Amino acid sequence: METGNIKRFAQNARRQLISQVNAKLTLVLADGSLARRENPTAVQALERDITEHGKANIVERVAYTWSNRFSALRFMDVNHYTSIGIVSPAPGQTQPEILAEAKTGHIDGEIPNKIKQEVMDLLTGNKISKNPQQRAFKLLMVAYCNIWSEAMPFLFERIQDYTELLLPDDLLSDQSVLMQMQSVLTEEVCQDVEVIGWLYQFYISEKKDEVFDGLKQNKKVTPENIPAATQLFTPNWIVRYLVENSLGRLWMLNHPHAKLIDEMEYYIKPEQPEKDFLKISSPEEIRICDPACGSGHMLVYAFDLLYKIYEEEGYSETQIPELILTKNLFGIEIDKRAGELAAFALTMKARSKQRRFFKKQIQPNICVLENVKFESGEFKAYMDYIGSDLFTLQLQNTLHQFEEADNFGSLIRPDLTDVEPMVQFLNAKNVGADLFLNRTHNKVLKVLEQAEYLRSKYHVVVANPPYMGGGNMNGRLSSWVKENYPDSKSDLFAVFIERGMNLTIRYGYNAMVTMQSWMFLSSFDKLRKTIIDKTKIICMAHMANMVMGIAFGTAATVQQINANDQSVGHYCFIDYENIDKSNKPYEFPPQNERNDIALQRNGIDRFYRASAADFEKIPGSPIAYWVSEKIRLVFRNGKRIECLAEPRQGMATSDNERFVRFYFEISENKAKLNCKTRAEAKESSAKWFPYSKGGENRRWYP
């Protein structure tokens, strides 16, 4: 997908929407404003939220909300999932179809009569307005958003608050966000719901730049900025590589003759038949989780693969989308907007397979983790009503583990592991009927719902987790990670590798694309030992800088949890020169022709097989899959340098910007190039002396 136009539009849309929402906010809050007279409750709520969260935060949040809704409505219009174009014109027209139809007297029967009448009054001149068409369009669009709330409440929450008051005025001009969107979200682009993820990544890209600029000034990443700082959309071929070699592998081991193998371009077959694997008799049993799901890219492809599995098993087309969304796919996120888009993307996938899917009002299993805090003494009356003996220490601890869910996210490991019986018991007690206990009851249920998502129950965990070094974490996150994940604390991506192992059941798969540093650095020695001892690395695509648009190497790794056979893993190293401009590796050969030689011949010029035992022959157990047996013997039998001498860095200035210059930058009169000793250099009174600091390679000068 060509993303240049999408990026320009998304960044401009954010700036434009923030500016317009900000201007609308000023009008709404003005003394004697129309909003104050007609919607005093909403204005009061707006003022309370500004006091609590700040004006900039509210403006950003509302701009996000409308951006998500605009792009979702456009996507549905283009794919004809709406009965009429809500934000899109009909062929040959320039105005949105709902407005053009209203001007001819036709308004959808689902629109409330009160809204219909007001729209008609505006368009016929019976109601005075500065811009009657714009006002009529806004009323119709908000009404449609409320209608869609029945099918997708996660994205189209009923608009009864100040979100509607802050809806920008400029929606119909040639320069409006909606009009610009039409030229970017074309029919061709909207064939793939992946575009929604790209839109979101680019929408927050400038926010991400702001956060990174703050890091240069030693500002830590606060909880509300973690999503912007860590969002990174995964190239499609990497998503396929991870999902096919985890979910796909699980199914192929259970169904070795399945035709699914012909659909998996990036699947690497086991070298030998395997005895220890999860036994799956039905696709309905499989549970797949993305613990940092973002806009849902991993889950969307998992949907595609699962659909083919269900088809091959003979399930009815009317059953499959519902089964996948209710039984198979689970996503966890701390960013509400990203979580909404993940749920939307999965819903669109389901709708593309079944025309009447919206009527079922099925919600994808996407959990946006929320902070839940209990006031001092809040439990007493609740525990007395329920029975204090049921409030075990595990349950009490779990109820307090989500107080900073926006900061710790999926890394929280709930103490209570058997959640469902407690939920059933509480629901049977009908606590919600007691007005005094209802608020506490709902908070308890919210904690238990979130704890259920974080339980170790998944057959496959697949993710592109957040990357953030310990030095950039806010103080609370840093200390919490050190306490709870001491072996992987150096970076969030490594913590997520460890957490993925916890979330996965025995013989399940933990598949993640992460920075490569865990493979080599001494700070990850303990994590590597855990990985080698408790997992079998099934396959790895080890990639150089910029493969994912970031300036460091990455590794897409699939681990099998608690596998007994540590003998052989399959390591596939793909360097950047073997990635074309679409960020896709050269074509893999067909599965029936695939072997090491074929892979090498088709552009992957380094394909390795190695065992965990080989890694342990080298101090620190680096994942050095390319090392020859001769080198391993050197480490095993030879004497290490540290046994003879203590290595030192050598000469360092500690401030190269201040103390180091190129030859052509200094005065020859102030330089002395041939001093033999320090004393001679000092006596020369010269300022500049030769220093071996060549930097990167230069053809003509060092």
# chains A, B, ... in the order shown; residues from 1 in each chain; ligands from 1
call {"tool": "residues_around", "arguments": {"residues": "range 398-404 of chain A", "least_positions_apart": "3", "cutoff": "8 Å", "atoms": "only C-alpha atoms", "output": "PDB file with all heavy atoms, in the first residue's frame"}}
result
ATOM      1  N   GLU A 370      -8.354  -0.103  31.808  1.00  0.00           N
ATOM      2  CA  GLU A 370      -8.677   1.151  32.472  1.00  0.00           C
ATOM      3  C   GLU A 370      -8.171   1.120  33.909  1.00  0.00           C
ATOM      4  O   GLU A 370      -8.131   0.063  34.549  1.00  0.00           O
ATOM      5  CB  GLU A 370     -10.195   1.376  32.478  1.00  0.00           C
ATOM      6  CG  GLU A 370     -10.824   1.472  31.102  1.00  0.00           C
ATOM      7  CD  GLU A 370     -12.332   1.610  31.180  1.00  0.00           C
ATOM      8  OE1 GLU A 370     -12.847   1.913  32.293  1.00  0.00           O
ATOM      9  OE2 GLU A 370     -13.001   1.422  30.147  1.00  0.00           O
ATOM     10  N   ASN A 371      -7.830   2.291  34.415  1.00  0.00           N
ATOM     11  CA  ASN A 371      -7.470   2.403  35.823  1.00  0.00           C
ATOM     12  C   ASN A 371      -8.719   2.177  36.676  1.00  0.00           C
ATOM     13  O   ASN A 371      -9.782   2.740  36.396  1.00  0.00           O
ATOM     14  CB  ASN A 371      -6.916   3.794  36.130  1.00  0.00           C
ATOM     15  CG  ASN A 371      -5.589   4.050  35.453  1.00  0.00           C
ATOM     16  OD1 ASN A 371      -4.991   3.144  34.880  1.00  0.00           O
ATOM     17  ND2 ASN A 371      -5.119   5.282  35.502  1.00  0.00           N
ATOM     18  N   VAL A 372      -8.586   1.365  37.700  1.00  0.00           N
ATOM     19  CA  VAL A 372      -9.688   1.137  38.645  1.00  0.00           C
ATOM     20  C   VAL A 372      -9.128   1.306  40.055  1.00  0.00           C
ATOM     21  O   VAL A 372      -8.256   0.549  40.480  1.00  0.00           O
ATOM     22  CB  VAL A 372     -10.296  -0.271  38.485  1.00  0.00           C
ATOM     23  CG1 VAL A 372     -11.469  -0.444  39.458  1.00  0.00           C
ATOM     24  CG2 VAL A 372     -10.767  -0.503  37.056  1.00  0.00           C
ATOM     25  N   LYS A 373      -9.655   2.311  40.768  1.00  0.00           N
ATOM     26  CA  LYS A 373      -9.194   2.581  42.127  1.00  0.00           C
ATOM     27  C   LYS A 373     -10.368   2.500  43.097  1.00  0.00           C
ATOM     28  O   LYS A 373     -11.474   2.945  42.782  1.00  0.00           O
ATOM     29  CB  LYS A 373      -8.558   3.972  42.204  1.00  0.00           C
ATOM     30  CG  LYS A 373      -7.289   4.115  41.387  1.00  0.00           C
ATOM     31  CD  LYS A 373      -6.680   5.499  41.559  1.00  0.00           C
ATOM     32  CE  LYS A 373      -5.403   5.636  40.730  1.00  0.00           C
ATOM     33  NZ  LYS A 373      -4.780   6.974  40.886  1.00  0.00           N
ATOM     34  N   PHE A 374     -10.106   1.943  44.240  1.00  0.00           N
ATOM     35  CA  PHE A 374     -11.120   1.846  45.285  1.00  0.00           C
ATOM     36  C   PHE A 374     -10.751   2.782  46.422  1.00  0.00           C
ATOM     37  O   PHE A 374      -9.592   2.832  46.847  1.00  0.00           O
ATOM     38  CB  PHE A 374     -11.224   0.407  45.794  1.00  0.00           C
ATOM     39  CG  PHE A 374     -11.723  -0.564  44.764  1.00  0.00           C
ATOM     40  CD1 PHE A 374     -10.825  -1.253  43.951  1.00  0.00           C
ATOM     41  CD2 PHE A 374     -13.077  -0.777  44.590  1.00  0.00           C
ATOM     42  CE1 PHE A 374     -11.282  -2.143  42.993  1.00  0.00           C
ATOM     43  CE2 PHE A 374     -13.544  -1.667  43.631  1.00  0.00           C
ATOM     44  CZ  PHE A 374     -12.650  -2.354  42.832  1.00  0.00           C
ATOM     45  N   GLN A 394      -5.885 -13.397  47.335  1.00  0.00           N
ATOM     46  CA  GLN A 394      -5.659 -13.287  45.892  1.00  0.00           C
ATOM     47  C   GLN A 394      -6.625 -12.288  45.263  1.00  0.00           C
ATOM     48  O   GLN A 394      -6.232 -11.446  44.446  1.00  0.00           O
ATOM     49  CB  GLN A 394      -5.838 -14.652  45.225  1.00  0.00           C
ATOM     50  CG  GLN A 394      -4.661 -15.590  45.368  1.00  0.00           C
ATOM     51  CD  GLN A 394      -4.877 -16.859  44.568  1.00  0.00           C
ATOM     52  OE1 GLN A 394      -6.009 -17.350  44.452  1.00  0.00           O
ATOM     53  NE2 GLN A 394      -3.810 -17.409  44.027  1.00  0.00           N
ATOM     54  N   LEU A 395      -7.897 -12.393  45.631  1.00  0.00           N
ATOM     55  CA  LEU A 395      -8.901 -11.488  45.072  1.00  0.00           C
ATOM     56  C   LEU A 395      -8.646 -10.057  45.513  1.00  0.00           C
ATOM     57  O   LEU A 395      -8.696  -9.121  44.701  1.00  0.00           O
ATOM     58  CB  LEU A 395     -10.304 -11.935  45.487  1.00  0.00           C
ATOM     59  CG  LEU A 395     -11.452 -11.002  45.068  1.00  0.00           C
ATOM     60  CD1 LEU A 395     -11.475 -10.809  43.559  1.00  0.00           C
ATOM     61  CD2 LEU A 395     -12.793 -11.536  45.560  1.00  0.00           C
ATOM     62  N   ASN A 407      -0.525   2.648  32.756  1.00  0.00           N
ATOM     63  CA  ASN A 407       0.934   2.716  32.788  1.00  0.00           C
ATOM     64  C   ASN A 407       1.556   1.331  32.589  1.00  0.00           C
ATOM     65  O   ASN A 407       2.538   1.175  31.858  1.00  0.00           O
ATOM     66  CB  ASN A 407       1.390   3.298  34.128  1.00  0.00           C
ATOM     67  CG  ASN A 407       2.749   3.971  34.053  1.00  0.00           C
ATOM     68  OD1 ASN A 407       3.324   4.153  32.983  1.00  0.00           O
ATOM     69  ND2 ASN A 407       3.278   4.355  35.203  1.00  0.00           N
ATOM     70  N   PHE A 408       0.957   0.305  33.206  1.00  0.00           N
ATOM     71  CA  PHE A 408       1.549  -1.038  33.201  1.00  0.00           C
ATOM     72  C   PHE A 408       0.932  -1.945  32.133  1.00  0.00           C
ATOM     73  O   PHE A 408       1.570  -2.906  31.689  1.00  0.00           O
ATOM     74  CB  PHE A 408       1.391  -1.698  34.572  1.00  0.00           C
ATOM     75  CG  PHE A 408       1.895  -0.863  35.720  1.00  0.00           C
ATOM     76  CD1 PHE A 408       1.315  -0.951  36.976  1.00  0.00           C
ATOM     77  CD2 PHE A 408       2.950   0.028  35.539  1.00  0.00           C
ATOM     78  CE1 PHE A 408       1.780  -0.186  38.040  1.00  0.00           C
ATOM     79  CE2 PHE A 408       3.414   0.804  36.597  1.00  0.00           C
ATOM     80  CZ  PHE A 408       2.828   0.698  37.846  1.00  0.00           C
ATOM     81  N   ILE A 412       0.616  -6.416  33.705  1.00  0.00           N
ATOM     82  CA  ILE A 412       0.011  -6.784  34.989  1.00  0.00           C
ATOM     83  C   ILE A 412      -0.268  -8.281  35.001  1.00  0.00           C
ATOM     84  O   ILE A 412      -0.871  -8.822  34.076  1.00  0.00           O
ATOM     85  CB  ILE A 412      -1.297  -5.998  35.220  1.00  0.00           C
ATOM     86  CG1 ILE A 412      -1.003  -4.494  35.313  1.00  0.00           C
ATOM     87  CG2 ILE A 412      -2.020  -6.485  36.472  1.00  0.00           C
ATOM     88  CD1 ILE A 412      -2.247  -3.627  35.265  1.00  0.00           C
ATOM     89  N   PRO A 414      -2.351 -10.698  37.161  1.00  0.00           N
ATOM     90  CA  PRO A 414      -3.328 -10.770  38.262  1.00  0.00           C
ATOM     91  C   PRO A 414      -3.053 -11.940  39.196  1.00  0.00           C
ATOM     92  O   PRO A 414      -2.745 -13.051  38.745  1.00  0.00           O
ATOM     93  CB  PRO A 414      -4.665 -10.950  37.531  1.00  0.00           C
ATOM     94  CG  PRO A 414      -4.425 -10.432  36.145  1.00  0.00           C
ATOM     95  CD  PRO A 414      -2.999 -10.763  35.840  1.00  0.00           C
ATOM     96  N   ASP A 415      -3.169 -11.683  40.487  1.00  0.00           N
ATOM     97  CA  ASP A 415      -2.983 -12.755  41.468  1.00  0.00           C
ATOM     98  C   ASP A 415      -4.088 -13.796  41.358  1.00  0.00           C
ATOM     99  O   ASP A 415      -3.851 -14.992  41.535  1.00  0.00           O
ATOM    100  CB  ASP A 415      -2.973 -12.168  42.887  1.00  0.00           C
ATOM    101  CG  ASP A 415      -1.636 -11.530  43.226  1.00  0.00           C
ATOM    102  OD1 ASP A 415      -0.790 -11.411  42.312  1.00  0.00           O
ATOM    103  OD2 ASP A 415      -1.428 -11.144  44.389  1.00  0.00           O
ATOM    104  N   LEU A 416      -5.318 -13.339  41.075  1.00  0.00           N
ATOM    105  CA  LEU A 416      -6.446 -14.255  40.941  1.00  0.00           C
ATOM    106  C   LEU A 416      -6.414 -14.886  39.554  1.00  0.00           C
ATOM    107  O   LEU A 416      -6.528 -14.197  38.544  1.00  0.00           O
ATOM    108  CB  LEU A 416      -7.770 -13.504  41.143  1.00  0.00           C
ATOM    109  CG  LEU A 416      -9.037 -14.366  41.130  1.00  0.00           C
ATOM    110  CD1 LEU A 416      -9.073 -15.290  42.333  1.00  0.00           C
ATOM    111  CD2 LEU A 416     -10.283 -13.495  41.084  1.00  0.00           C
ATOM    112  N   VAL A 444     -15.631  -3.693  40.717  1.00  0.00           N
ATOM    113  CA  VAL A 444     -15.121  -5.052  40.955  1.00  0.00           C
ATOM    114  C   VAL A 444     -15.248  -5.882  39.680  1.00  0.00           C
ATOM    115  O   VAL A 444     -14.305  -6.580  39.271  1.00  0.00           O
ATOM    116  CB  VAL A 444     -15.876  -5.717  42.121  1.00  0.00           C
ATOM    117  CG1 VAL A 444     -15.529  -7.207  42.200  1.00  0.00           C
ATOM    118  CG2 VAL A 444     -15.537  -5.030  43.440  1.00  0.00           C
ATOM    119  N   VAL A 447     -12.600  -4.921  37.109  1.00  0.00           N
ATOM    120  CA  VAL A 447     -11.294  -5.515  37.415  1.00  0.00           C
ATOM    121  C   VAL A 447     -11.270  -6.981  37.000  1.00  0.00           C
ATOM    122  O   VAL A 447     -10.310  -7.454  36.362  1.00  0.00           O
ATOM    123  CB  VAL A 447     -10.972  -5.377  38.919  1.00  0.00           C
ATOM    124  CG1 VAL A 447      -9.794  -6.273  39.291  1.00  0.00           C
ATOM    125  CG2 VAL A 447     -10.649  -3.934  39.273  1.00  0.00           C
ATOM    126  N   LEU A 448     -12.329  -7.716  37.341  1.00  0.00           N
ATOM    127  CA  LEU A 448     -12.360  -9.139  37.027  1.00  0.00           C
ATOM    128  C   LEU A 448     -12.399  -9.373  35.516  1.00  0.00           C
ATOM    129  O   LEU A 448     -11.785 -10.320  35.007  1.00  0.00           O
ATOM    130  CB  LEU A 448     -13.558  -9.798  37.700  1.00  0.00           C
ATOM    131  CG  LEU A 448     -13.515  -9.824  39.235  1.00  0.00           C
ATOM    132  CD1 LEU A 448     -14.787 -10.433  39.799  1.00  0.00           C
ATOM    133  CD2 LEU A 448     -12.297 -10.589  39.741  1.00  0.00           C
ATOM    134  N   ALA A 451      -8.884  -8.814  34.381  1.00  0.00           N
ATOM    135  CA  ALA A 451      -8.029  -9.907  34.864  1.00  0.00           C
ATOM    136  C   ALA A 451      -8.217 -11.165  34.018  1.00  0.00           C
ATOM    137  O   ALA A 451      -7.261 -11.918  33.775  1.00  0.00           O
ATOM    138  CB  ALA A 451      -8.334 -10.208  36.329  1.00  0.00           C
TER     139      ALA A 451
END
call {"tool": "residues_around", "arguments": {"residues": "range 107-112 of chain A", "least_positions_apart": "5", "cutoff": "8 Å", "atoms": "only C-alpha atoms", "output": "list of chain:residue names"}}
result
A:Ile98, A:Glu101, A:Ala102, A:Leu140, A:Ala143, A:Tyr144, A:Ile147
call {"tool": "write_last_selection", "arguments": {"atoms": "C-alpha atoms", "output": "PDB file, in the first residue's frame"}}
result
ATOM      1  CA  ILE A  98     -27.397  11.984   3.251  1.00  0.00           C
ATOM      2  CA  GLU A 101     -31.156  13.191  -0.259  1.00  0.00           C
ATOM      3  CA  ALA A 102     -32.494  15.312   2.611  1.00  0.00           C
ATOM      4  CA  LEU A 140     -27.847  13.901  10.301  1.00  0.00           C
ATOM      5  CA  ALA A 143     -27.885  10.778  14.268  1.00  0.00           C
ATOM      6  CA  TYR A 144     -26.240   8.126  12.086  1.00  0.00           C
ATOM      7  CA  ILE A 147     -27.649   4.512  15.018  1.00  0.00           C
TER       8      ILE A 147
END
call {"tool": "closest_residue", "arguments": {"among": "A:Thr163, A:Gln117, A:Leu390, A:Thr82", "to": "Gly105 in chain A", "atoms": "only C-alpha atoms"}}
result
A:Gln117
call {"tool": "closest_residue", "arguments": {"among": "A:Phe379, A:Gln319, A:Leu393, A:Trp148", "to": "Ser83 in chain A", "atoms": "only C-alpha atoms"}}
result
A:Trp148
call {"tool": "closest_residue", "arguments": {"among": "A:Leu167, A:Ile204, A:Ala136, A:Leu329", "to": "Gln11 in chain A", "atoms": "only C-alpha atoms"}}
result
A:Ile204
call {"tool": "residues_around", "arguments": {"residues": "range 666-674 of chain A", "least_positions_apart": "3", "cutoff": "10 Å", "atoms": "only C-alpha atoms", "output": "PyMOL selection string"}}
result
chain A and resi 660-663+677+680-681+684-691
call {"tool": "write_last_selection", "arguments": {"atoms": "C-alpha atoms", "output": "PDB file, in the first residue's frame"}}
result
ATOM      1  CA  VAL A 660      37.548  16.385  18.399  1.00  0.00           C
ATOM      2  CA  ARG A 661      37.936  17.998  14.944  1.00  0.00           C
ATOM      3  CA  PHE A 662      38.624  16.847  11.397  1.00  0.00           C
ATOM      4  CA  TYR A 663      42.039  17.715   9.950  1.00  0.00           C
ATOM      5  CA  THR A 677      55.559  11.749  24.621  1.00  0.00           C
ATOM      6  CA  GLU A 680      56.782  16.844  24.499  1.00  0.00           C
ATOM      7  CA  ALA A 681      53.164  17.613  23.641  1.00  0.00           C
ATOM      8  CA  SER A 684      54.915  22.415  22.382  1.00  0.00           C
ATOM      9  CA  SER A 685      52.029  24.625  23.598  1.00  0.00           C
ATOM     10  CA  ALA A 686      50.046  23.344  20.584  1.00  0.00           C
ATOM     11  CA  LYS A 687      46.284  22.998  20.790  1.00  0.00           C
ATOM     12  CA  TRP A 688      45.603  20.056  18.452  1.00  0.00           C
ATOM     13  CA  PHE A 689      47.159  16.571  18.341  1.00  0.00           C
ATOM     14  CA  PRO A 690      46.424  13.447  16.256  1.00  0.00           C
ATOM     15  CA  TYR A 691      43.667  11.223  17.649  1.00  0.00           C
TER      16      TYR A 691
END
call {"tool": "select_by_dssp", "arguments": {"residues": "range 603-647 of chain A", "states": "alpha helix (DSSP H)", "output": "PyMOL selection string"}}
result
chain A and resi 612-615+629-637
call {"tool": "write_last_selection", "arguments": {"atoms": "N, CA, C and O atoms", "output": "PDB file, in the first residue's frame"}}
result
ATOM      1  N   ALA A 612      19.772 -24.821  20.629  1.00  0.00           N
ATOM      2  CA  ALA A 612      19.986 -24.056  21.854  1.00  0.00           C
ATOM      3  C   ALA A 612      21.288 -24.474  22.532  1.00  0.00           C
ATOM      4  O   ALA A 612      21.978 -23.650  23.137  1.00  0.00           O
ATOM      5  N   ALA A 613      21.630 -25.741  22.418  1.00  0.00           N
ATOM      6  CA  ALA A 613      22.879 -26.219  23.022  1.00  0.00           C
ATOM      7  C   ALA A 613      24.081 -25.506  22.419  1.00  0.00           C
ATOM      8  O   ALA A 613      25.083 -25.252  23.102  1.00  0.00           O
ATOM      9  N   ASP A 614      23.994 -25.155  21.124  1.00  0.00           N
ATOM     10  CA  ASP A 614      25.086 -24.429  20.480  1.00  0.00           C
ATOM     11  C   ASP A 614      25.274 -23.048  21.104  1.00  0.00           C
ATOM     12  O   ASP A 614      26.400 -22.583  21.292  1.00  0.00           O
ATOM     13  N   PHE A 615      24.166 -22.376  21.425  1.00  0.00           N
ATOM     14  CA  PHE A 615      24.262 -21.031  21.994  1.00  0.00           C
ATOM     15  C   PHE A 615      24.943 -21.060  23.358  1.00  0.00           C
ATOM     16  O   PHE A 615      25.703 -20.159  23.712  1.00  0.00           O
ATOM     17  N   GLU A 629      30.929 -24.367  13.942  1.00  0.00           N
ATOM     18  CA  GLU A 629      31.319 -25.289  14.999  1.00  0.00           C
ATOM     19  C   GLU A 629      32.760 -25.040  15.434  1.00  0.00           C
ATOM     20  O   GLU A 629      33.108 -25.190  16.611  1.00  0.00           O
ATOM     21  N   LYS A 630      33.591 -24.616  14.508  1.00  0.00           N
ATOM     22  CA  LYS A 630      34.994 -24.329  14.828  1.00  0.00           C
ATOM     23  C   LYS A 630      35.091 -23.193  15.843  1.00  0.00           C
ATOM     24  O   LYS A 630      35.869 -23.268  16.810  1.00  0.00           O
ATOM     25  N   ILE A 631      34.293 -22.158  15.643  1.00  0.00           N
ATOM     26  CA  ILE A 631      34.299 -21.031  16.586  1.00  0.00           C
ATOM     27  C   ILE A 631      33.762 -21.476  17.942  1.00  0.00           C
ATOM     28  O   ILE A 631      34.284 -21.085  18.999  1.00  0.00           O
ATOM     29  N   ARG A 632      32.730 -22.307  17.939  1.00  0.00           N
ATOM     30  CA  ARG A 632      32.180 -22.792  19.212  1.00  0.00           C
ATOM     31  C   ARG A 632      33.232 -23.585  19.987  1.00  0.00           C
ATOM     32  O   ARG A 632      33.335 -23.494  21.212  1.00  0.00           O
ATOM     33  N   LEU A 633      34.036 -24.357  19.277  1.00  0.00           N
ATOM     34  CA  LEU A 633      35.095 -25.124  19.928  1.00  0.00           C
ATOM     35  C   LEU A 633      36.145 -24.206  20.533  1.00  0.00           C
ATOM     36  O   LEU A 633      36.707 -24.490  21.597  1.00  0.00           O
ATOM     37  N   VAL A 634      36.406 -23.098  19.851  1.00  0.00           N
ATOM     38  CA  VAL A 634      37.362 -22.120  20.393  1.00  0.00           C
ATOM     39  C   VAL A 634      36.870 -21.619  21.748  1.00  0.00           C
ATOM     40  O   VAL A 634      37.638 -21.519  22.716  1.00  0.00           O
ATOM     41  N   PHE A 635      35.588 -21.299  21.833  1.00  0.00           N
ATOM     42  CA  PHE A 635      35.036 -20.816  23.108  1.00  0.00           C
ATOM     43  C   PHE A 635      35.034 -21.918  24.161  1.00  0.00           C
ATOM     44  O   PHE A 635      35.266 -21.655  25.342  1.00  0.00           O
ATOM     45  N   ARG A 636      34.787 -23.143  23.732  1.00  0.00           N
ATOM     46  CA  ARG A 636      34.696 -24.233  24.700  1.00  0.00           C
ATOM     47  C   ARG A 636      36.068 -24.640  25.218  1.00  0.00           C
ATOM     48  O   ARG A 636      36.246 -24.914  26.410  1.00  0.00           O
ATOM     49  N   ASN A 637      37.077 -24.651  24.342  1.00  0.00           N
ATOM     50  CA  ASN A 637      38.388 -25.179  24.720  1.00  0.00           C
ATOM     51  C   ASN A 637      39.445 -24.106  24.959  1.00  0.00           C
ATOM     52  O   ASN A 637      40.451 -24.362  25.610  1.00  0.00           O
TER      53      ASN A 637
END
call {"tool": "residues_around", "arguments": {"residues": "Ile288 in chain A", "least_positions_apart": "6", "cutoff": "12 Å", "atoms": "only C-alpha atoms", "output": "VMD selection string"}}
result
chain A and resid 243 246 to 248 250 298 to 303 305 to 306 324 to 332 365 to 366 453 456 to 463 500 503 to 505 508 to 511
call {"tool": "decode", "arguments": {"residues": "range 32-49 of chain A", "atoms": "N, CA and C atoms", "output": "PDB file, in the first residue's frame"}}
result
ATOM      1  N   GLY A  32     -22.741  33.261  28.113  1.00  0.00           N
ATOM      2  CA  GLY A  32     -23.958  33.486  27.347  1.00  0.00           C
ATOM      3  C   GLY A  32     -24.012  32.750  26.027  1.00  0.00           C
ATOM      4  N   SER A  33     -23.152  31.763  25.824  1.00  0.00           N
ATOM      5  CA  SER A  33     -23.142  31.026  24.552  1.00  0.00           C
ATOM      6  C   SER A  33     -24.442  30.249  24.374  1.00  0.00           C
ATOM      7  N   LEU A  34     -24.743  29.928  23.114  1.00  0.00           N
ATOM      8  CA  LEU A  34     -25.936  29.136  22.798  1.00  0.00           C
ATOM      9  C   LEU A  34     -25.859  27.771  23.464  1.00  0.00           C
ATOM     10  N   ALA A  35     -24.658  27.198  23.491  1.00  0.00           N
ATOM     11  CA  ALA A  35     -24.475  25.883  24.113  1.00  0.00           C
ATOM     12  C   ALA A  35     -24.820  25.925  25.600  1.00  0.00           C
ATOM     13  N   ARG A  36     -24.442  27.007  26.265  1.00  0.00           N
ATOM     14  CA  ARG A  36     -24.751  27.127  27.698  1.00  0.00           C
ATOM     15  C   ARG A  36     -26.264  27.169  27.930  1.00  0.00           C
ATOM     16  N   ARG A  37     -26.997  27.792  27.011  1.00  0.00           N
ATOM     17  CA  ARG A  37     -28.451  27.899  27.177  1.00  0.00           C
ATOM     18  C   ARG A  37     -29.154  26.588  26.836  1.00  0.00           C
ATOM     19  N   GLU A  38     -28.699  25.922  25.760  1.00  0.00           N
ATOM     20  CA  GLU A  38     -29.402  24.730  25.282  1.00  0.00           C
ATOM     21  C   GLU A  38     -28.889  23.428  25.897  1.00  0.00           C
ATOM     22  N   ASN A  39     -27.604  23.393  26.292  1.00  0.00           N
ATOM     23  CA  ASN A  39     -27.004  22.153  26.821  1.00  0.00           C
ATOM     24  C   ASN A  39     -26.173  22.442  28.083  1.00  0.00           C
ATOM     25  N   PRO A  40     -26.802  22.990  29.113  1.00  0.00           N
ATOM     26  CA  PRO A  40     -26.023  23.368  30.308  1.00  0.00           C
ATOM     27  C   PRO A  40     -25.326  22.189  30.979  1.00  0.00           C
ATOM     28  N   THR A  41     -25.973  21.009  30.969  1.00  0.00           N
ATOM     29  CA  THR A  41     -25.372  19.833  31.619  1.00  0.00           C
ATOM     30  C   THR A  41     -24.084  19.417  30.911  1.00  0.00           C
ATOM     31  N   ALA A  42     -24.128  19.405  29.558  1.00  0.00           N
ATOM     32  CA  ALA A  42     -22.946  19.021  28.787  1.00  0.00           C
ATOM     33  C   ALA A  42     -21.811  20.020  28.990  1.00  0.00           C
ATOM     34  N   VAL A  43     -22.138  21.308  29.053  1.00  0.00           N
ATOM     35  CA  VAL A  43     -21.100  22.332  29.247  1.00  0.00           C
ATOM     36  C   VAL A  43     -20.471  22.194  30.626  1.00  0.00           C
ATOM     37  N   GLN A  44     -21.293  21.904  31.627  1.00  0.00           N
ATOM     38  CA  GLN A  44     -20.746  21.708  32.979  1.00  0.00           C
ATOM     39  C   GLN A  44     -19.800  20.508  33.022  1.00  0.00           C
ATOM     40  N   ALA A  45     -20.191  19.434  32.334  1.00  0.00           N
ATOM     41  CA  ALA A  45     -19.322  18.256  32.271  1.00  0.00           C
ATOM     42  C   ALA A  45     -18.011  18.590  31.562  1.00  0.00           C
ATOM     43  N   LEU A  46     -18.101  19.397  30.512  1.00  0.00           N
ATOM     44  CA  LEU A  46     -16.903  19.825  29.786  1.00  0.00           C
ATOM     45  C   LEU A  46     -15.973  20.613  30.695  1.00  0.00           C
ATOM     46  N   GLU A  47     -16.523  21.526  31.466  1.00  0.00           N
ATOM     47  CA  GLU A  47     -15.703  22.353  32.366  1.00  0.00           C
ATOM     48  C   GLU A  47     -15.063  21.500  33.464  1.00  0.00           C
ATOM     49  N   ARG A  48     -15.793  20.509  33.951  1.00  0.00           N
ATOM     50  CA  ARG A  48     -15.209  19.611  34.970  1.00  0.00           C
ATOM     51  C   ARG A  48     -14.032  18.836  34.387  1.00  0.00           C
ATOM     52  N   ASP A  49     -14.199  18.324  33.173  1.00  0.00           N
ATOM     53  CA  ASP A  49     -13.122  17.552  32.551  1.00  0.00           C
ATOM     54  C   ASP A  49     -11.907  18.420  32.242  1.00  0.00           C
TER      55      ASP A  49
END
